[in-house]
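See below for the structure under consideration.
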Amino acid sequence: MSDRFDDLVVLPALGAQLGLDLGDSAAACGRAGAYFSAATVDLDDYDHIVLCMSGGKDSIASLLHLLDLGVDRSRLELWHHDVDGREGSTLMDWPFMADYNRRLASAFEVPIYFSWLEGGFEAEMLKQDSYGRPHHVETPEGLLTLKRDTARAVPATRRKFPQVSASLQTRWCSSALKIDVGRRALNNQDRFNGKNVLFITGERRQESSNRARYYQLEPHACDRRHGKKARRVDAWRPVLDWDEERVWDALQRHRVLAPVPYRLGWGRSSCMKCIFNDASIWATLRHHFPGSLDAIADYEQQFGCTISRERIPIMDLSKRARPIEIHDVEALGQALDRTYRLPIFATDDTLWATPAGAFARTGCGPS
């Protein structure tokens with residue numbers, strides 16, 4: 001039984017604006033304010049500039065591009081969605097990711113605000129005949145706790161891993177842990193009412209045929225410029241037309257060291273145990289981080305459903321490829337440490353280097 005309000009109404013409508021499931025791109029044709037190509041925008045036209053910072057190369061490149069454009073940092077803020085939440089689960093994400101983003105923001109002297117679904121991925125996956133959990137949103141004024149409107153929803157059951165799919169009902173991790181969190185964070189802060197907000201994400205057309213159809217600038221799903229709140233929200237994807245070489249060039253020019261997943265050989269930076277992982281990544285996790293797949297294997301048995309849509313149990317899948325040979329000892333030591341201890345910038349003692357995962361097809365992330 002699905003949560004009809006969240007899964008069938010709200011989340012599919014939000015997919016395109018948050019860059020996670022465009023659907024039929026023709027639906028945006030002729031819509032006022034939607035531009036297939038918009039390499040530049042007037043940043044001075046916006047009171048608030050929100051950049052979704054995953055901690056991957058593309059969102060970092062988006063930040064660096066804003067700085068190159070001379071963005072007013074007093075208007076800029078970073079948002080990061082904690083996939084595992086803050087209630088103790090460590091099932092999916094890199095342990096250091098929250099602290100890395102915090103230190104990255106500090107290095108660039110930009111505020112960062114975290115938001116999450118209570119209980120994160122694991123709690124949502126284990127939902128059985130229950131309503132969705134609250135969202136928690138950090139703001140300049142403090143922490144917001146946003147409870148669900150049970151009058152508009154019905155009890156729902158997941159009890160299975162999200163699956164690789166363009167559908168946000170099937171790939172529910174993107175919708176429940178990112179899209180809906182971002183939506184509620186925008187809709188429930190009065191500081192955005194009567195203001196112009198630019199909402200930035202780091203998708204690139206080169207990543208997939210689906211993303212190749214994205215609009216670069218369009219009204220966000222939370223736009224209410226003609227409503228009572230007079231809140232204008234535009235979604236902009238500044239690096240949409242960039243190739244990967246340009247992304248790495250931007251990081252090198254600003255001397256930002258590659259994030260740890262790329263240094264370990266991952267071609268994409270997403271969750272450590274992402275549903276998009278291929279066999280070589282699962283093999284790498286089993287080899288270099290013994291025991292890291294045990295919880296997933298246990299849940300597969302409980303659910304009678306594998307994390308892989310190929311219906312291959314995770315332990316068997318991890319044995320179908322050779323693990324990546326990891327030579328970056330520093331990155332390997334950081335991988336399981338919740339405190340981020342490596343430098344953000346290259347220095348004379350820490351030289352900038354193209355990471356092992358650059359230009360690799362192996363890895364994880366949405367198609």
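A note on labels: chains of the structure tokens are A, B, ... as shown, every chain counts residues from 1, and ligands are counted from 1 in their shown order.
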
message: Taking only region 134-297 of chain A into account, list the residues labelled helix (DSSP H, G or I) by DSSP (computed from the backbone), as a ChimeraX atom specification.
response: /A:150-152,172-187,190-192,205-207,211-213,244-253,260-264,279-288,294-297

query: Looking only at the backbone, which of the residues in region 32-242 of chain A does DSSP tag as strand (DSSP E), as a ChimeraX atom specification?
result: /A:48-52,76-81,112-117,135-139,142-146,196-200,217-219,232-236

Suppose we keep C-alpha atoms; can you now write the selection as a PDB file, in the first residue's frame?
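The new file out20.pdb reads:
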```pdb
ATOM      1  CA  HIS A  48      18.189  34.345  -1.353  1.00  0.00           C
ATOM      2  CA  ILE A  49      20.391  31.910  -3.267  1.00  0.00           C
ATOM      3  CA  VAL A  50      20.059  28.327  -2.038  1.00  0.00           C
ATOM      4  CA  LEU A  51      22.573  25.767  -3.299  1.00  0.00           C
ATOM      5  CA  CYS A  52      21.875  22.094  -2.624  1.00  0.00           C
ATOM      6  CA  LEU A  76      24.091  32.549  -0.442  1.00  0.00           C
ATOM      7  CA  GLU A  77      23.438  29.482   1.722  1.00  0.00           C
ATOM      8  CA  LEU A  78      24.093  25.760   1.316  1.00  0.00           C
ATOM      9  CA  TRP A  79      21.539  23.040   2.087  1.00  0.00           C
ATOM     10  CA  HIS A  80      22.472  19.437   2.751  1.00  0.00           C
ATOM     11  CA  HIS A  81      19.973  16.619   3.276  1.00  0.00           C
ATOM     12  CA  ILE A 112      25.053  25.662   5.674  1.00  0.00           C
ATOM     13  CA  TYR A 113      21.745  24.295   6.902  1.00  0.00           C
ATOM     14  CA  PHE A 114      20.962  20.604   7.307  1.00  0.00           C
ATOM     15  CA  SER A 115      17.585  18.950   6.929  1.00  0.00           C
ATOM     16  CA  TRP A 116      16.421  15.375   7.181  1.00  0.00           C
ATOM     17  CA  LEU A 117      13.549  12.946   7.461  1.00  0.00           C
ATOM     18  CA  HIS A 135      10.997  16.471   8.824  1.00  0.00           C
ATOM     19  CA  HIS A 136      13.643  18.470  10.668  1.00  0.00           C
ATOM     20  CA  VAL A 137      14.936  21.653   9.040  1.00  0.00           C
ATOM     21  CA  GLU A 138      17.747  23.865  10.272  1.00  0.00           C
ATOM     22  CA  THR A 139      17.119  27.580   9.685  1.00  0.00           C
ATOM     23  CA  GLY A 142      16.710  27.529  14.792  1.00  0.00           C
ATOM     24  CA  LEU A 143      15.429  24.009  14.144  1.00  0.00           C
ATOM     25  CA  LEU A 144      11.990  23.466  12.618  1.00  0.00           C
ATOM     26  CA  THR A 145      10.178  20.196  13.239  1.00  0.00           C
ATOM     27  CA  LEU A 146       7.513  19.697  10.593  1.00  0.00           C
ATOM     28  CA  ASN A 196      12.984  36.117  -4.861  1.00  0.00           C
ATOM     29  CA  VAL A 197      14.707  32.775  -4.290  1.00  0.00           C
ATOM     30  CA  LEU A 198      17.127  31.003  -6.621  1.00  0.00           C
ATOM     31  CA  PHE A 199      17.256  27.251  -5.927  1.00  0.00           C
ATOM     32  CA  ILE A 200      20.383  25.648  -7.394  1.00  0.00           C
ATOM     33  CA  LEU A 217      16.090  27.513 -15.655  1.00  0.00           C
ATOM     34  CA  GLU A 218      12.440  27.142 -14.701  1.00  0.00           C
ATOM     35  CA  PRO A 219       9.973  28.046 -11.977  1.00  0.00           C
ATOM     36  CA  ARG A 232       9.201  33.656  -6.365  1.00  0.00           C
ATOM     37  CA  VAL A 233      11.359  30.528  -6.579  1.00  0.00           C
ATOM     38  CA  ASP A 234      13.397  29.735  -9.703  1.00  0.00           C
ATOM     39  CA  ALA A 235      15.273  26.467 -10.158  1.00  0.00           C
ATOM     40  CA  TRP A 236      18.646  26.860 -11.896  1.00  0.00           C
TER      41      TRP A 236
END
```

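Using only C-alpha atoms, the nearest neighbour of Tyr131 (chain A) within the list A:Glu203, A:Asp149, A:Asp223, A:Asp45 is A:Asp149.
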
- request: Would you mind listing what lies within 12 Å of Ala295 (chain A) as a PyMOL selection string, with only C-alpha atoms counted and same-chain residues fewer than 6 positions away left out?
  value: chain A and resi 89-92+122+273+301-302+307+314-315

message: I'd like the interatomic distance between CA of Gly120 (chain A) and CA of Pro134 (chain A), to a tenth of an Å.
response: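 For CA of Gly120 (chain A) relative to CA of Pro134 (chain A), the distance reads 10.3 Å.
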
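Closest approach to Arg102 (chain A) among A:Ile326, A:Ala153, A:Ile296, A:Ile344 is made by A:Ile344 (distances from only C-alpha atoms).
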
- prompt: With only C-alpha atoms as the basis for distance, which of A:Arg320, A:His65, A:Arg204, A:His220 is at the shortest distance from Leu186 (chain A)?
  reply: A:His220

List every residue of region 15-113 of chain A that has an atom at most 12 Å from any atom of region 252-269 of chain A, giving for each one its closest atom pair and the distance in Å to one decimal, counting only C-alpha atoms, sorted by chain and then by ascending residue number, as a tab-separated table.
```
residue	atom	partner	partner_atom	distance
A:Met53	CA	A:Ser269	CA	11.6
A:Ser54	CA	A:Ser269	CA	8.3
A:Gly55	CA	A:Pro259	CA	7.2
A:Gly56	CA	A:Ser269	CA	5.1
A:Lys57	CA	A:Pro259	CA	7.2
A:Asp58	CA	A:Ser269	CA	9.3
A:Ser59	CA	A:Ser269	CA	10.4
A:Ile60	CA	A:Val256	CA	8.8
A:Ala61	CA	A:Val256	CA	9.7
A:Leu63	CA	A:His254	CA	10.8
A:Leu64	CA	A:His254	CA	7.5
A:His65	CA	A:His254	CA	10.1
A:Leu67	CA	A:His254	CA	10.0
A:Asp68	CA	A:His254	CA	9.8
A:Asp93	CA	A:Ser269	CA	10.3
A:Trp94	CA	A:Pro261	CA	8.7
A:Pro95	CA	A:Val260	CA	11.3
A:Phe96	CA	A:Val260	CA	9.3
A:Met97	CA	A:Val260	CA	9.3
A:Tyr100	CA	A:Pro259	CA	8.7
A:Asn101	CA	A:Pro259	CA	10.1
A:Leu104	CA	A:Val256	CA	9.3
A:Ala107	CA	A:Val256	CA	10.1
A:Phe108	CA	A:Val256	CA	10.6
```

task: Find the residues around Trp172 (chain A) up to 9 Å (only C-alpha atoms counted), leave out those fewer than 4 positions away in its own chain, and share them as number ranges by chain.
output: A: 7, 161-163, 167-168, 176-177

- prompt: Between A:Asp82, A:Ala279, A:Ala212, A:Ser270, which is the closest to Gly182 (chain A) once you count only C-alpha atoms?
  reply: A:Asp82
